[in-house]
$ cat model-v7.txt   # compact mmCIF, C-alpha atoms
# COMPACT_ATOMS: atom_id res chain seq x y z
CA MET A 1 23.23 -19.08 26.12
CA LYS A 2 24.93 -21.80 24.10
CA PRO A 3 24.41 -22.08 20.33
CA MET A 4 22.10 -24.87 19.25
CA SER A 5 23.02 -27.90 17.15
CA LYS A 6 24.48 -27.71 13.66
CA ILE A 7 21.15 -28.61 12.05
CA VAL A 8 19.37 -25.69 13.66
CA ARG A 9 22.21 -23.31 12.82
CA THR A 10 22.24 -24.35 9.15
CA VAL A 11 18.48 -23.97 8.83
CA ALA A 12 18.62 -20.58 10.56
CA ALA A 13 21.38 -19.42 8.23
CA SER A 14 19.46 -20.47 5.13
CA ILE A 15 16.00 -19.27 6.23
CA GLY A 16 16.90 -16.25 8.36
CA TRP A 17 17.49 -13.86 5.47
CA PHE A 18 14.19 -14.79 3.85
CA VAL A 19 12.52 -13.81 7.14
CA PHE A 20 14.09 -10.36 6.88
CA VAL A 21 13.20 -9.98 3.20
CA PHE A 22 9.61 -11.06 3.90
CA GLY A 23 9.40 -8.54 6.75
CA ILE A 24 10.59 -5.76 4.42
CA TYR A 25 8.02 -6.88 1.83
CA VAL A 26 5.19 -6.78 4.39
CA ILE A 27 6.24 -3.29 5.53
CA VAL A 28 6.71 -1.78 2.08
CA HIS A 29 3.51 -3.25 0.60
CA GLY A 30 1.45 -2.24 3.63
CA HIS A 31 -0.91 -0.10 1.52
CA LEU A 32 -1.59 -2.85 -1.03
CA THR A 33 -1.64 -6.18 0.81
CA PRO A 34 -2.60 -7.20 4.34
CA GLY A 35 0.08 -6.18 6.78
CA GLY A 36 1.89 -2.99 7.55
CA GLY A 37 4.49 -1.50 9.81
CA PHE A 38 3.64 -3.33 13.02
CA GLN A 39 3.31 -6.74 11.43
CA GLY A 40 6.37 -6.46 9.21
CA GLY A 41 8.48 -5.11 12.07
CA ALA A 42 7.41 -8.05 14.21
CA VAL A 43 8.36 -10.46 11.40
CA MET A 44 11.82 -8.89 11.12
CA ALA A 45 12.26 -9.00 14.90
CA THR A 46 11.42 -12.71 14.68
CA GLY A 47 14.49 -13.01 12.46
CA VAL A 48 16.58 -11.43 15.22
CA ALA A 49 15.03 -13.85 17.73
CA LEU A 50 15.92 -16.73 15.40
CA LEU A 51 19.54 -15.53 15.31
CA ILE A 52 19.67 -15.27 19.12
CA VAL A 53 18.13 -18.70 19.66
CA ALA A 54 20.12 -20.57 17.01
CA TYR A 55 23.55 -18.98 17.36
CA GLY A 56 23.47 -17.92 21.00
CA GLY A 57 23.34 -14.33 22.15
CA TRP A 58 27.04 -13.55 21.85
CA SER A 59 27.28 -14.42 18.16
CA ALA A 60 24.00 -12.64 17.40
CA GLU A 61 25.34 -9.60 19.22
CA LYS A 62 28.26 -9.44 16.76
CA CYS A 63 25.85 -9.82 13.81
CA VAL A 64 23.40 -7.10 14.89
CA ARG A 65 24.77 -3.62 15.58
CA LYS A 66 22.76 -3.18 18.71
CA GLU A 67 24.14 0.24 19.61
CA ARG A 68 22.20 1.56 16.60
CA LEU A 69 18.89 0.02 17.66
CA PRO A 70 17.83 2.89 19.98
CA VAL A 71 18.64 5.37 17.18
CA PHE A 72 16.51 3.32 14.80
CA GLU A 73 13.64 3.21 17.26
CA SER A 74 13.62 6.94 17.94
CA ALA A 75 14.06 7.75 14.25
CA GLY A 76 11.08 5.58 13.33
CA LEU A 77 8.76 7.20 15.84
CA LEU A 78 10.01 10.69 14.89
CA THR A 79 9.39 9.96 11.19
CA PHE A 80 5.84 8.95 12.02
CA ILE A 81 5.13 12.04 14.13
CA LEU A 82 6.78 14.47 11.69
CA LEU A 83 4.80 13.01 8.75
CA ALA A 84 1.66 13.41 10.86
CA PHE A 85 2.59 17.05 11.50
CA GLY A 86 3.18 17.60 7.78
CA GLY A 87 -0.54 17.98 7.18
CA ALA A 88 -0.80 20.47 10.04
CA PHE A 89 2.08 22.56 8.66
CA LEU A 90 0.38 22.73 5.27
CA GLY A 91 -2.67 24.28 6.85
CA VAL A 92 -4.96 21.25 6.94
CA THR A 93 -5.34 18.94 9.92
CA PHE A 94 -3.04 16.71 11.94
CA PHE A 95 -2.63 13.34 10.15
CA PHE A 96 -3.85 14.75 6.82
CA ASN A 97 -2.59 12.65 3.90
CA PHE A 98 -0.80 15.52 2.14
CA LEU A 99 1.01 13.42 -0.49
CA ALA A 100 -1.91 11.38 -1.83
CA ASN A 101 -3.25 12.15 -5.32
CA LYS A 102 -0.68 14.94 -5.79
CA GLY A 103 1.72 13.21 -8.21
CA GLY A 104 5.35 12.73 -7.32
CA LEU A 105 6.37 10.59 -4.37
CA PHE A 106 3.66 7.99 -3.66
CA GLY A 107 1.20 10.35 -5.32
CA ASP A 108 -0.45 8.40 -8.13
CA THR A 109 -4.22 8.29 -8.21
CA LEU A 110 -5.88 4.92 -7.89
CA PRO A 111 -8.78 3.83 -10.11
CA VAL A 112 -11.88 3.33 -7.97
CA GLY A 113 -13.04 -0.25 -7.86
CA ILE A 114 -11.24 -3.55 -8.22
CA ASN A 115 -7.67 -3.05 -9.45
CA PRO A 116 -4.33 -4.82 -9.12
CA GLY A 117 -2.88 -1.95 -7.13
CA ILE A 118 -0.29 0.72 -7.90
CA PHE A 119 2.80 0.70 -5.72
CA ASN A 120 3.46 4.43 -6.11
CA SER A 121 0.21 5.50 -4.45
CA ALA A 122 -1.30 6.17 -1.01
CA GLY A 123 0.68 9.30 -0.06
CA VAL A 124 2.20 9.31 3.40
CA ILE A 125 0.85 5.88 4.37
CA PRO A 126 3.82 3.83 3.01
CA LEU A 127 6.28 6.28 4.60
CA MET A 128 4.46 5.99 7.93
CA ASN A 129 4.52 2.21 7.54
CA MET A 130 8.28 2.32 7.08
CA GLY A 131 8.71 4.52 10.14
CA VAL A 132 6.55 2.30 12.33
CA GLY A 133 8.29 -0.80 10.92
CA MET A 134 11.69 0.61 11.87
CA GLU A 135 10.41 1.40 15.35
CA VAL A 136 8.88 -2.04 15.94
CA LEU A 137 11.93 -3.89 14.58
CA ALA A 138 14.35 -1.93 16.74
CA GLY A 139 12.12 -1.97 19.81
CA ILE A 140 11.46 -5.71 19.87
CA SER A 141 15.12 -6.48 19.07
CA LEU A 142 16.14 -4.25 22.00
CA ILE A 143 13.74 -6.12 24.29
CA LEU A 144 15.16 -9.46 23.09
CA PHE A 145 18.75 -8.41 23.71
CA ALA A 146 17.92 -6.87 27.09
CA MET A 147 16.21 -10.09 28.16
CA PHE A 148 19.18 -12.12 26.89
CA TYR A 149 21.52 -10.16 29.16
CA GLY A 150 19.06 -10.60 32.02
CA THR A 151 18.88 -14.39 31.63
CA LYS A 152 22.66 -14.61 31.44
CA LYS A 153 23.10 -12.78 34.75
CA VAL A 154 20.31 -14.70 36.47
CA ARG A 155 21.82 -18.01 35.38
CA GLU A 156 25.23 -17.00 36.66
CA GLY A 157 23.64 -15.90 39.91
CA THR A 158 25.47 -12.60 39.91
CA CYS A 159 22.35 -10.51 39.51
CA LEU A 160 20.68 -12.01 42.58
CA ALA A 161 23.91 -11.76 44.59
CA ASP A 162 24.22 -8.06 43.75
CA ASN A 163 20.69 -7.39 44.91
CA GLU A 164 21.25 -9.25 48.18
CA LYS A 165 24.42 -7.26 48.80
CA LYS A 166 22.58 -4.00 48.18
CA GLU A 167 19.82 -5.03 50.55
CA GLU A 168 22.39 -5.83 53.21
CA ASP A 169 24.05 -2.43 52.73
CA ALA A 170 20.72 -0.69 53.02
CA MET B 1 -16.40 -3.64 56.40
CA LYS B 2 -19.04 -6.22 57.08
CA ILE B 3 -19.66 -8.97 54.58
CA GLY B 4 -23.28 -7.90 54.18
CA VAL B 5 -22.24 -4.46 52.93
CA LYS B 6 -19.87 -5.99 50.38
CA ILE B 7 -22.59 -8.31 49.10
CA ALA B 8 -24.97 -5.35 48.87
CA ILE B 9 -22.45 -3.36 46.79
CA VAL B 10 -21.91 -6.31 44.45
CA LEU B 11 -25.65 -6.79 44.04
CA LEU B 12 -26.10 -3.06 43.35
CA LEU B 13 -23.43 -3.12 40.64
CA PHE B 14 -24.91 -6.31 39.21
CA SER B 15 -28.32 -4.66 39.01
CA PHE B 16 -26.70 -1.86 36.95
CA LEU B 17 -25.33 -4.53 34.60
CA LEU B 18 -28.81 -6.06 34.26
CA MET B 19 -30.27 -2.63 33.56
CA GLY B 20 -27.64 -2.09 30.88
CA LEU B 21 -28.61 -5.38 29.31
CA GLY B 22 -31.97 -3.89 28.38
CA PHE B 23 -30.29 -1.09 26.41
CA MET B 24 -28.19 -3.42 24.25
CA HIS B 25 -29.28 -3.44 20.66
CA GLN B 26 -30.64 -6.60 19.18
CA TYR B 27 -28.26 -9.25 17.93
CA GLY B 28 -28.14 -9.51 14.15
CA VAL B 29 -29.57 -6.03 13.61
CA PRO B 30 -26.62 -3.71 12.99
CA LEU B 31 -26.68 -0.06 13.96
CA LYS B 32 -26.43 2.78 11.47
CA SER B 33 -23.76 1.88 8.90
CA SER B 34 -23.25 5.34 7.42
CA MET B 35 -19.65 5.55 8.65
CA ASP B 36 -18.69 2.13 7.25
CA ASP B 37 -20.29 3.02 3.93
CA TYR B 38 -18.34 6.29 3.83
CA PHE B 39 -15.03 4.50 4.37
CA ILE B 40 -15.78 1.82 1.80
CA LYS B 41 -16.91 4.34 -0.82
CA HIS B 42 -14.34 7.11 -0.34
CA ALA B 43 -11.17 5.42 0.98
CA GLN B 44 -9.86 4.60 -2.48
CA GLU B 45 -10.28 8.06 -3.94
CA GLU B 46 -9.35 10.04 -0.82
CA THR B 47 -6.25 8.17 0.31
CA ALA B 48 -5.44 6.24 -2.91
CA THR B 49 -5.02 3.07 -0.83
CA ASN B 50 -6.23 -0.33 -1.94
CA ASN B 51 -5.98 -1.68 1.61
CA VAL B 52 -8.86 0.12 3.32
CA VAL B 53 -7.81 -1.20 6.72
CA THR B 54 -4.44 0.50 6.37
CA SER B 55 -6.09 3.70 5.22
CA ILE B 56 -8.21 3.71 8.39
CA VAL B 57 -5.36 2.76 10.71
CA PHE B 58 -2.83 5.26 9.31
CA ASP B 59 -5.05 8.02 7.99
CA TYR B 60 -8.57 8.28 9.37
CA ARG B 61 -7.64 6.97 12.81
CA GLY B 62 -4.01 8.02 12.87
CA PHE B 63 -4.20 9.11 16.49
CA ASP B 64 -4.87 5.53 17.51
CA THR B 65 -1.72 4.33 15.73
CA LEU B 66 0.27 7.18 17.24
CA GLY B 67 -0.83 5.98 20.67
CA GLU B 68 0.09 2.40 19.85
CA ALA B 69 3.55 3.40 18.66
CA SER B 70 4.08 5.53 21.77
CA VAL B 71 2.93 2.65 23.99
CA LEU B 72 5.44 0.34 22.30
CA PHE B 73 8.18 2.95 22.73
CA THR B 74 7.35 3.31 26.43
CA ALA B 75 7.22 -0.46 26.92
CA VAL B 76 10.68 -0.84 25.36
CA LEU B 77 11.96 1.95 27.60
CA GLY B 78 10.58 0.17 30.66
CA VAL B 79 12.01 -3.25 29.75
CA VAL B 80 15.43 -1.80 28.96
CA MET B 81 15.34 0.18 32.21
CA ILE B 82 14.72 -3.03 34.19
CA PHE B 83 17.34 -5.17 32.41
CA ARG B 84 19.94 -2.42 31.95
CA GLU B 85 21.54 -3.15 35.29
CA ALA B 86 21.91 -6.81 34.27
CA GLY B 87 23.65 -5.89 31.03
CA LYS B 88 26.51 -4.10 32.76
CA LYS B 89 29.69 -6.12 32.92

$ encode --input "model-v7.txt" --output "structure tokens"
Amino acid sequence: MKPMSKIVRTVAASIGWFVFVFGIYVIVHGHLTPGGGFQGGAVMATGVALLIVAYGGWSAEKCVRKERLPVFESAGLLTFILLAFGGAFLGVTFFFNFLANKGGLFGDTLPVGINPGIFNSAGVIPLMNMGVGMEVLAGISLILFAMFYGTKKVREGTCLADNEKKEEDA
Amino acid sequence: MKIGVKIAIVLLLFSFLLMGLGFMHQYGVPLKSSMDDYFIKHAQEETATNNVVTSIVFDYRGFDTLGEASVLFTAVLGVVMIFREAGKK
């Protein structure tokens, strides 16, 4: 995959980081504004897609540490499941919001009715949002990189040739 | 299988659909809204979340989100499994 023209690369370099920052904003403010882990993770993965499209896969590969993406993905899902088990360990039910209205981390109480929103509220929901956001970001980036390698091999013709050789051997 | 049997099966299933049509509730007349009212009234004090949709997705119906996250994980596993061979030098 060749890098695109200088115009596209410049725009990607100037806008790409805002895409990441906006994704982080959507994830972190999931309990106050529309959005959440899935949506914010998809926005951040769009930033990775922008890098791959504008700079070509080989440059994007150097920019993104892709050997850490599977770790990120598993860690996100494990965070989500462990936070869900937290309620069960404390003697309530699975998926019980054990941090809400307790004070401390994300534990402020919210006034009932219309209010501007308190960031330090909602208990485990922001933490779960972060876990799911990590998982979605890493998962979609992994899919993008895997498909980049696939297109490269298909274009070179080596992938098809390998399969034909294997079929002949079998 | 003869074509007449197939047509008979399709007609039988279609008659079930028509029977089900009679049991659909009327358009514009919502069913009992006690559950919606509970979420709207209690979501803010129970989960301290302004975004009631998030409180349902991550708290009241957390199992659903757990399934979605697991489905995404499995989908990524499948895609990487298919393209892994192509990534080898």

$ interface_residues --input "model-v7.txt" --of "chain B" --to "chain A" --cutoff "12 Å" --atoms "all atoms listed in the file" --output "number ranges by chain"
B: 40-89

$ atom_distance --input "model-v7.txt" --atom1 "CA of Met4 in chain A" --atom2 "CA of Tyr55 in chain A"
6.4 Å

$ atom_distance --input "model-v7.txt" --atom1 "CA of Phe72 in chain A" --atom2 "CA of Ala45 in chain A"
13.0 Å

$ atom_distance --input "model-v7.txt" --atom1 "CA of Gly104 in chain A" --atom2 "CA of Gly41 in chain A"
26.5 Å

$ closest_residue --input "model-v7.txt" --among "A:Pro3, A:Gly16, A:Gly87, A:Gly133" --to "Val53 in chain A" --atoms "only C-alpha atoms"
A:Pro3

$ residues_around --input "model-v7.txt" --residues "Ala60 in chain A" --least-positions-apart "4" --cutoff "8 Å" --atoms "all atoms listed in the file" --output "PyMOL selection string"
chain A and resi 48+51-52+55-56+64

$ build_atoms --input "model-v7.txt" --residues "range 45-76 of chain B" --atoms "N, CA and C atoms" --output "tab-separated table (two decimals), keeping the file's coordinate frame"
chain	number	residue	atom	x	y	z
B	45	GLU	N	-10.56	6.80	-3.26
B	45	GLU	CA	-10.28	8.06	-3.94
B	45	GLU	C	-9.61	9.07	-3.02
B	46	GLU	N	-9.92	9.02	-1.72
B	46	GLU	CA	-9.35	10.04	-0.82
B	46	GLU	C	-7.90	9.74	-0.45
B	47	THR	N	-7.61	8.48	-0.13
B	47	THR	CA	-6.25	8.17	0.31
B	47	THR	C	-5.47	7.37	-0.72
B	48	ALA	N	-6.11	7.00	-1.84
B	48	ALA	CA	-5.44	6.24	-2.91
B	48	ALA	C	-4.84	4.95	-2.38
B	49	THR	N	-5.53	4.30	-1.43
B	49	THR	CA	-5.02	3.07	-0.83
B	49	THR	C	-5.95	1.92	-1.16
B	50	ASN	N	-5.39	0.83	-1.69
B	50	ASN	CA	-6.23	-0.33	-1.94
B	50	ASN	C	-6.65	-1.01	-0.64
B	51	ASN	N	-5.73	-1.02	0.34
B	51	ASN	CA	-5.98	-1.68	1.61
B	51	ASN	C	-6.73	-0.70	2.52
B	52	VAL	N	-8.05	-0.85	2.59
B	52	VAL	CA	-8.86	0.12	3.32
B	52	VAL	C	-8.54	0.08	4.81
B	53	VAL	N	-8.16	-1.11	5.30
B	53	VAL	CA	-7.81	-1.20	6.72
B	53	VAL	C	-6.61	-0.31	7.03
B	54	THR	N	-5.61	-0.36	6.16
B	54	THR	CA	-4.44	0.50	6.37
B	54	THR	C	-4.81	1.97	6.28
B	55	SER	N	-5.71	2.29	5.35
B	55	SER	CA	-6.09	3.70	5.22
B	55	SER	C	-6.81	4.18	6.47
B	56	ILE	N	-7.56	3.28	7.15
B	56	ILE	CA	-8.21	3.71	8.39
B	56	ILE	C	-7.18	3.81	9.50
B	57	VAL	N	-6.30	2.80	9.59
B	57	VAL	CA	-5.36	2.76	10.71
B	57	VAL	C	-4.36	3.91	10.63
B	58	PHE	N	-3.88	4.25	9.41
B	58	PHE	CA	-2.83	5.26	9.31
B	58	PHE	C	-3.34	6.61	8.87
B	59	ASP	N	-4.59	6.72	8.47
B	59	ASP	CA	-5.05	8.02	7.99
B	59	ASP	C	-6.26	8.52	8.79
B	60	TYR	N	-7.37	7.79	8.70
B	60	TYR	CA	-8.57	8.28	9.37
B	60	TYR	C	-8.42	8.22	10.88
B	61	ARG	N	-7.82	7.12	11.36
B	61	ARG	CA	-7.64	6.97	12.81
B	61	ARG	C	-6.16	6.99	13.17
B	62	GLY	N	-5.45	7.97	12.64
B	62	GLY	CA	-4.01	8.02	12.87
B	62	GLY	C	-3.64	8.19	14.33
B	63	PHE	N	-4.50	8.90	15.07
B	63	PHE	CA	-4.20	9.11	16.49
B	63	PHE	C	-4.06	7.80	17.23
B	64	ASP	N	-4.90	6.84	16.87
B	64	ASP	CA	-4.87	5.53	17.51
B	64	ASP	C	-3.51	4.87	17.29
B	65	THR	N	-3.01	4.93	16.04
B	65	THR	CA	-1.72	4.33	15.73
B	65	THR	C	-0.60	5.07	16.43
B	66	LEU	N	-0.74	6.41	16.51
B	66	LEU	CA	0.27	7.18	17.24
B	66	LEU	C	0.34	6.72	18.69
B	67	GLY	N	-0.82	6.48	19.29
B	67	GLY	CA	-0.83	5.98	20.67
B	67	GLY	C	-0.19	4.62	20.78
B	68	GLU	N	-0.50	3.73	19.80
B	68	GLU	CA	0.09	2.40	19.85
B	68	GLU	C	1.60	2.47	19.76
B	69	ALA	N	2.10	3.30	18.83
B	69	ALA	CA	3.55	3.40	18.66
B	69	ALA	C	4.19	3.97	19.92
B	70	SER	N	3.52	4.95	20.54
B	70	SER	CA	4.08	5.53	21.77
B	70	SER	C	4.07	4.51	22.89
B	71	VAL	N	3.00	3.68	22.96
B	71	VAL	CA	2.93	2.65	23.99
B	71	VAL	C	4.07	1.65	23.81
B	72	LEU	N	4.33	1.28	22.55
B	72	LEU	CA	5.44	0.34	22.30
B	72	LEU	C	6.76	0.97	22.72
B	73	PHE	N	6.94	2.24	22.36
B	73	PHE	CA	8.18	2.95	22.73
B	73	PHE	C	8.36	2.95	24.25
B	74	THR	N	7.27	3.26	24.96
B	74	THR	CA	7.35	3.31	26.43
B	74	THR	C	7.61	1.94	27.02
B	75	ALA	N	7.00	0.89	26.42
B	75	ALA	CA	7.22	-0.46	26.92
B	75	ALA	C	8.67	-0.86	26.76
B	76	VAL	N	9.26	-0.53	25.58
B	76	VAL	CA	10.68	-0.84	25.36
B	76	VAL	C	11.54	-0.10	26.37
